[in-house]
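query.cif (mmCIF, C-alpha atoms) appears below.
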```cif
data_structure
loop_
_atom_site.label_atom_id
_atom_site.label_comp_id
_atom_site.auth_asym_id
_atom_site.auth_seq_id
_atom_site.Cartn_x
_atom_site.Cartn_y
_atom_site.Cartn_z
CA MET E 1 -16.51 8.20 -4.03
CA SER E 2 -16.58 8.10 -7.83
CA GLY E 3 -18.88 5.29 -8.92
CA ALA E 4 -19.18 3.94 -5.41
CA THR E 5 -22.58 3.31 -3.91
CA ALA E 6 -22.99 2.26 -0.32
CA ALA E 7 -25.60 -0.49 -0.04
CA ALA E 8 -28.03 -0.77 2.86
CA PRO E 9 -26.11 -1.69 6.02
CA GLY E 10 -26.03 -5.41 6.68
CA VAL E 11 -24.08 -8.56 6.13
CA ALA E 12 -23.41 -10.09 2.72
CA VAL E 13 -22.86 -13.82 2.46
CA GLY E 14 -21.88 -16.15 -0.37
CA VAL E 15 -21.59 -19.92 -0.52
CA ASP E 16 -20.64 -22.41 -3.22
CA VAL E 17 -20.02 -26.11 -3.54
CA VAL E 18 -17.88 -27.92 -6.11
CA LEU E 19 -17.57 -31.63 -6.85
CA VAL E 20 -13.94 -32.71 -6.58
CA GLU E 21 -14.41 -35.22 -9.41
CA ASP E 22 -15.37 -32.34 -11.72
CA VAL E 23 -12.01 -30.71 -11.01
CA VAL E 24 -10.21 -34.02 -11.61
CA ARG E 25 -11.97 -34.24 -14.97
CA SER E 26 -10.99 -30.66 -15.86
CA LEU E 27 -7.36 -31.37 -14.96
CA GLU E 28 -7.46 -34.44 -17.20
CA ARG E 29 -9.19 -32.67 -20.09
CA HIS E 30 -7.59 -29.23 -20.02
CA GLY E 31 -4.47 -29.69 -17.90
CA GLU E 32 -2.45 -26.63 -16.97
CA ARG E 33 -4.52 -24.39 -19.23
CA PHE E 34 -7.44 -24.90 -16.83
CA VAL E 35 -5.24 -24.16 -13.85
CA GLY E 36 -3.64 -21.09 -15.41
CA ARG E 37 -6.96 -19.62 -16.61
CA VAL E 38 -8.64 -19.84 -13.20
CA PHE E 39 -6.01 -19.79 -10.45
CA THR E 40 -3.29 -17.29 -9.53
CA ALA E 41 0.37 -18.21 -9.23
CA HIS E 42 0.06 -18.17 -5.41
CA GLU E 43 -2.94 -20.51 -5.54
CA GLN E 44 -1.15 -22.85 -7.92
CA GLU E 45 1.80 -23.03 -5.55
CA ALA E 46 -0.54 -23.80 -2.65
CA CYS E 47 -2.24 -26.64 -4.53
CA THR E 48 0.28 -29.32 -5.34
CA GLY E 49 0.48 -33.09 -5.07
CA PRO E 50 -1.06 -36.03 -6.89
CA THR E 51 -4.14 -35.16 -8.96
CA PRO E 52 -6.75 -36.36 -6.40
CA VAL E 53 -5.12 -34.26 -3.66
CA ARG E 54 -4.49 -31.25 -5.86
CA ALA E 55 -8.07 -31.39 -7.13
CA ARG E 56 -9.46 -31.14 -3.58
CA HIS E 57 -7.52 -27.96 -2.90
CA LEU E 58 -8.36 -26.45 -6.28
CA ALA E 59 -12.04 -27.35 -5.84
CA ALA E 60 -12.15 -25.54 -2.48
CA ARG E 61 -10.57 -22.46 -4.04
CA PHE E 62 -12.93 -22.48 -7.00
CA ALA E 63 -15.84 -22.70 -4.56
CA ALA E 64 -14.37 -19.70 -2.73
CA LYS E 65 -14.10 -17.68 -5.93
CA GLU E 66 -17.71 -18.42 -6.86
CA ALA E 67 -18.87 -17.65 -3.31
CA VAL E 68 -17.13 -14.27 -3.55
CA ILE E 69 -18.77 -13.62 -6.94
CA LYS E 70 -22.15 -14.23 -5.27
CA LEU E 71 -21.13 -11.71 -2.65
CA LEU E 72 -20.19 -9.18 -5.34
CA ARG E 73 -23.40 -9.74 -7.34
CA PRO E 74 -22.11 -8.42 -10.67
CA ASP E 75 -24.87 -7.00 -12.90
CA GLY E 76 -22.88 -7.51 -16.09
CA ALA E 77 -19.50 -9.07 -16.64
CA GLN E 78 -18.25 -11.16 -13.75
CA PRO E 79 -14.69 -10.72 -12.49
CA ASP E 80 -11.94 -12.86 -13.91
CA TRP E 81 -11.51 -15.73 -11.45
CA ARG E 82 -7.88 -14.74 -10.99
CA SER E 83 -8.91 -11.35 -9.59
CA ILE E 84 -10.20 -13.22 -6.52
CA GLU E 85 -7.20 -14.78 -4.83
CA VAL E 86 -7.33 -17.18 -1.90
CA ARG E 87 -4.18 -16.70 0.13
CA ARG E 88 -3.03 -19.37 2.52
CA GLN E 89 -1.63 -17.96 5.75
CA ALA E 90 0.90 -19.45 8.12
CA GLY E 91 -1.04 -21.82 10.35
CA GLY E 92 -3.37 -22.91 7.57
CA SER E 93 -6.11 -20.27 7.63
CA CYS E 94 -7.01 -18.48 4.40
CA THR E 95 -7.80 -14.91 3.41
CA VAL E 96 -9.12 -13.36 0.19
CA GLU E 97 -7.47 -10.61 -1.81
CA LEU E 98 -9.36 -8.84 -4.58
CA SER E 99 -7.98 -6.96 -7.57
CA GLY E 100 -9.30 -5.49 -10.81
CA THR E 101 -13.03 -5.85 -11.44
CA ALA E 102 -13.57 -7.80 -8.22
CA ALA E 103 -12.06 -5.01 -6.13
CA ARG E 104 -14.14 -2.40 -7.97
CA LEU E 105 -17.38 -4.31 -7.38
CA ALA E 106 -16.55 -4.77 -3.70
CA ALA E 107 -15.96 -1.04 -3.36
CA GLU E 108 -19.21 -0.24 -5.16
CA ARG E 109 -21.10 -2.47 -2.76
CA GLY E 110 -19.34 -0.95 0.23
CA LEU E 111 -18.09 -4.34 1.36
CA GLY E 112 -15.77 -4.59 4.32
CA PRO E 113 -12.98 -7.17 4.57
CA ILE E 114 -14.10 -10.62 3.44
CA ALA E 115 -13.94 -13.51 5.90
CA ILE E 116 -13.63 -16.91 4.30
CA SER E 117 -13.94 -20.55 5.25
CA LEU E 118 -13.02 -23.49 3.02
CA CYS E 119 -13.44 -27.20 3.51
CA HIS E 120 -13.36 -30.40 1.52
CA GLU E 121 -14.62 -33.78 2.59
CA GLY E 122 -14.82 -36.79 0.33
CA PRO E 123 -16.44 -35.84 -2.97
CA VAL E 124 -17.24 -32.20 -2.23
CA ALA E 125 -15.52 -28.90 -1.49
CA VAL E 126 -17.41 -25.99 0.07
CA SER E 127 -16.66 -22.37 0.78
CA VAL E 128 -18.54 -19.70 2.70
CA VAL E 129 -17.62 -16.01 2.59
CA LEU E 130 -18.95 -13.17 4.70
CA ALA E 131 -18.52 -9.41 4.69
CA ALA E 132 -20.08 -6.33 6.19
CA ALA E 133 -22.06 -4.61 3.43
CA GLY E 134 -22.65 -0.89 3.37
CA GLY E 135 -21.71 -0.48 7.00
CA VAL E 136 -18.79 1.78 6.16
CA PRO E 137 -18.47 4.46 3.48
CA ALA E 138 -17.59 2.96 0.13
CA VAL E 139 -14.05 3.71 -0.92
CA ASP E 140 -13.11 5.06 -4.31
CA ALA E 141 -13.91 2.27 -6.74
CA GLU E 142 -11.23 3.18 -9.26
CA ALA E 143 -8.57 3.34 -6.57
CA ALA E 144 -9.67 -0.04 -5.23
CA ALA E 145 -9.54 -1.63 -8.68
CA ALA E 146 -6.10 -0.15 -9.31
CA GLY E 147 -4.83 -1.41 -5.97
CA MET H 1 -21.01 -22.94 -35.43
CA ASN H 2 -24.12 -24.03 -33.51
CA GLU H 3 -23.32 -27.70 -34.10
CA GLN H 4 -19.76 -27.22 -32.83
CA ILE H 5 -21.14 -25.51 -29.73
CA ARG H 6 -23.64 -28.31 -29.19
CA GLN H 7 -20.91 -30.92 -29.50
CA ILE H 8 -18.82 -29.13 -26.86
CA LEU H 9 -21.83 -28.69 -24.58
CA ALA H 10 -22.53 -32.42 -24.84
CA GLU H 11 -18.93 -33.25 -23.90
CA GLN H 12 -18.17 -30.57 -21.32
CA ALA H 13 -21.23 -28.94 -19.80
CA GLY H 14 -22.61 -31.75 -17.66
CA LEU H 15 -26.18 -30.73 -18.46
CA ALA H 16 -29.07 -32.48 -16.75
CA VAL H 17 -30.73 -33.16 -20.11
CA PRO H 18 -29.35 -34.24 -23.51
CA VAL H 19 -28.28 -31.18 -25.48
CA GLU H 20 -30.18 -32.41 -28.54
CA THR H 21 -33.43 -31.90 -26.64
CA LEU H 22 -32.68 -28.18 -26.27
CA GLY H 23 -33.53 -25.47 -28.75
CA ASP H 24 -30.96 -22.87 -29.72
CA ASP H 25 -32.59 -20.30 -27.44
CA ASP H 26 -33.29 -22.57 -24.45
CA ASP H 27 -31.73 -21.54 -21.12
CA LEU H 28 -28.61 -23.63 -20.50
CA PHE H 29 -28.55 -22.75 -16.78
CA ALA H 30 -32.12 -24.01 -16.44
CA ALA H 31 -30.86 -27.18 -18.17
CA GLY H 32 -28.23 -27.69 -15.47
CA LEU H 33 -25.20 -25.68 -16.54
CA THR H 34 -23.18 -24.78 -13.42
CA SER H 35 -20.47 -22.19 -12.84
CA PHE H 36 -17.89 -24.94 -13.02
CA GLY H 37 -19.46 -26.25 -16.21
CA VAL H 38 -19.01 -22.77 -17.67
CA VAL H 39 -15.24 -23.08 -17.14
CA ASN H 40 -15.05 -26.35 -19.04
CA VAL H 41 -17.25 -25.08 -21.86
CA MET H 42 -15.21 -21.88 -22.09
CA LEU H 43 -11.88 -23.73 -22.27
CA ALA H 44 -13.13 -26.20 -24.86
CA LEU H 45 -14.60 -23.46 -27.05
CA GLU H 46 -11.41 -21.42 -26.79
CA ASP H 47 -9.39 -24.45 -27.85
CA ALA H 48 -11.72 -25.29 -30.71
CA LEU H 49 -11.89 -21.76 -32.10
CA ASP H 50 -8.40 -20.60 -31.12
CA VAL H 51 -9.71 -17.54 -29.29
CA GLU H 52 -9.66 -16.30 -25.69
CA LEU H 53 -12.83 -14.98 -24.12
CA PRO H 54 -12.03 -11.53 -22.68
CA GLU H 55 -13.19 -10.60 -19.17
CA HIS H 56 -15.95 -8.27 -20.39
CA LEU H 57 -17.64 -11.23 -22.12
CA LEU H 58 -17.32 -13.44 -19.06
CA ARG H 59 -20.95 -13.00 -18.07
CA LYS H 60 -23.92 -15.24 -17.53
CA SER H 61 -25.67 -13.98 -20.66
CA THR H 62 -22.78 -15.25 -22.83
CA PHE H 63 -23.50 -18.82 -21.73
CA GLN H 64 -27.29 -18.48 -21.53
CA SER H 65 -28.07 -20.41 -24.73
CA VAL H 66 -26.55 -21.96 -27.84
CA SER H 67 -27.52 -18.92 -29.86
CA ALA H 68 -26.03 -16.52 -27.29
CA LEU H 69 -22.74 -18.41 -27.42
CA ALA H 70 -22.79 -18.41 -31.22
CA THR H 71 -23.33 -14.65 -31.30
CA VAL H 72 -20.47 -13.93 -28.88
CA LEU H 73 -18.06 -16.40 -30.45
CA GLY H 74 -18.97 -15.22 -33.93
CA GLY H 75 -17.71 -11.80 -32.91
CA LEU H 76 -14.43 -13.27 -31.69
CA ALA H 77 -13.90 -15.66 -34.60
CA PRO H 78 -15.25 -13.79 -37.63
CA THR H 79 -13.90 -16.34 -40.08
CA MET H 80 -16.13 -19.09 -38.70
CA ALA H 81 -19.31 -19.95 -40.59
CA PRO H 82 -22.46 -18.70 -38.81
#
```
Target encoding structure tokens, full file:
Amino acid sequence: MSGATAAAPGVAVGVDVVLVEDVVRSLERHGERFVGRVFTAHEQEACTGPTPVRARHLAARFAAKEAVIKLLRPDGAQPDWRSIEVRRQAGGSCTVELSGTAARLAAERGLGPIAISLCHEGPVAVSVVLAAAGGVPAVDAEAAAAG
Amino acid sequence: MNEQIRQILAEQAGLAVPVETLGDDDDLFAAGLTSFGVVNVMLALEDALDVELPEHLLRKSTFQSVSALATVLGGLAPTMAP
């Protein structure tokens, strides 16, 4: 329980929206440095294709990362975006895996597993994330961050 | 350094108002800086100053204003003029 504080029982929710054209612009301006600084190797492999297609998938994942950060509500430094990984499952659904600072913050908030939904339509990508908050005892924050 | 930061904000931040209308201490998020804008500003500043912003400085307060950015970046790039 070191450093872990169970929040009041309830449900935590986060949502974020990203303009696909902003991601296209970042790909044009910063190229693979943008991709490598924000997205994990798994996410990069899941987001391929011509720039307009790739940008839609990356935009949805960036929205997911920011939605998770809203869920985590960091008081100080926010987690590195790569410590929040969107994993594509067989069949097309997605899950979230946390590591490092993101995992520690989730443990401190007593968050349960995070459910995630992503979508992109035309110019926008949206993600919503949901987790039980404080409904279960918080796990050891250091162990969670190490895992 | 403030002028370099302002130039990058003008090019990358997608603010709702011209950066030249903002004071050094004005709130950039109130001026329209988004979380995605932060990424572009961060990458451009890192390129310009040849530094990498560590995770512990990846916080809203770092990007709150021109002067906040100058203070943080000044600590990372001590050879730059203030």
Which neighbours of stretch 62-67 of chain H fall inside 6 Å, counting only C-alpha atoms, when residues of the same chain fewer than 5 positions from it are skipped, and could you give them as a PyMOL selection string? chain H and resi 24-28
Give as a short mmCIF file (atom, residue, chain, number, x, y, z; two decimals) with C-alpha atoms, in the coordinates of the input every residue of chain H that touches chain E within 6 Å, counting all atoms listed in the file.
```cif
data_model
loop_
_atom_site.label_atom_id
_atom_site.label_comp_id
_atom_site.auth_asym_id
_atom_site.auth_seq_id
_atom_site.Cartn_x
_atom_site.Cartn_y
_atom_site.Cartn_z
CA GLU H 55 -13.19 -10.60 -19.17
CA HIS H 56 -15.95 -8.27 -20.39
CA LEU H 58 -17.32 -13.44 -19.06
CA ARG H 59 -20.95 -13.00 -18.07
#
```
Just give me the gap between atom CA of H:Leu73 and atom CA of H:Glu46 in Å, one decimal is fine. 9.1 Å
Would you be able to write out as JSON, numbers by chain which residues have an atom within 12 Å of (-18.4, -11.9, -4.4) in the file's coordinates, counting all atoms listed in the file? {"E": [12, 13, 14, 15, 16, 63, 64, 65, 66, 67, 68, 69, 70, 71, 72, 73, 74, 75, 78, 79, 80, 81, 83, 84, 85, 96, 97, 98, 99, 101, 102, 103, 104, 105, 106, 107, 108, 109, 110, 111, 112, 113, 114, 115, 116, 127, 128, 129, 130, 131, 133]}
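For the pair atom CA of H:Val19 and atom CA of H:Phe36, the interatomic distance is 17.4 Å.
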In Å and to one decimal, atom CA of H:Val51 is distant from atom CA of H:Ala10 by 20.1 Å
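Between E:Glu43 and the residues E:Gly10, E:Gly31, E:Ala60, E:Arg87, the shortest atom-to-atom distance, using all atoms listed in the file, involves E:Arg87.
Distance check against E:His42 using all atoms listed in the file: of E:Leu58, E:Cys119, E:Val20, E:Val126, the minimum falls on E:Leu58.
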Please enumerate the residues selected by the PyMOL selection byres ((chain H and resi 70) around 8) when evaluated against the supplied file, formatted as a list in words. Met1, Asn2, Ile5, Val66, Ser67, Ala68, Leu69, Thr71, Val72, Leu73, Gly74 and Pro82 of chain H
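Using only C-alpha atoms, the nearest neighbour of H:Ala13 within the list H:Leu45, H:Ala30, H:Val38, H:Leu76 is H:Val38.
Across H:Thr21, H:Ser61, H:Gln4, H:Gln12, the tightest approach to H:Val41 is made by H:Gln12 when counting all atoms listed in the file.
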Fewer than 6 positions away in the same chain doesn't count, so skip those; otherwise give me all residues within 12 Å of E:Glu45, counting only C-alpha atoms, as a PyMOL selection string. chain E and resi 35-36+39+54+57-58+86-88
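Residue nearest H:Pro54 within the list H:Gly75, H:Ala16, H:Ala31, H:Gly37: H:Gly75 [criterion: smallest interatomic distance, all atoms listed in the file].
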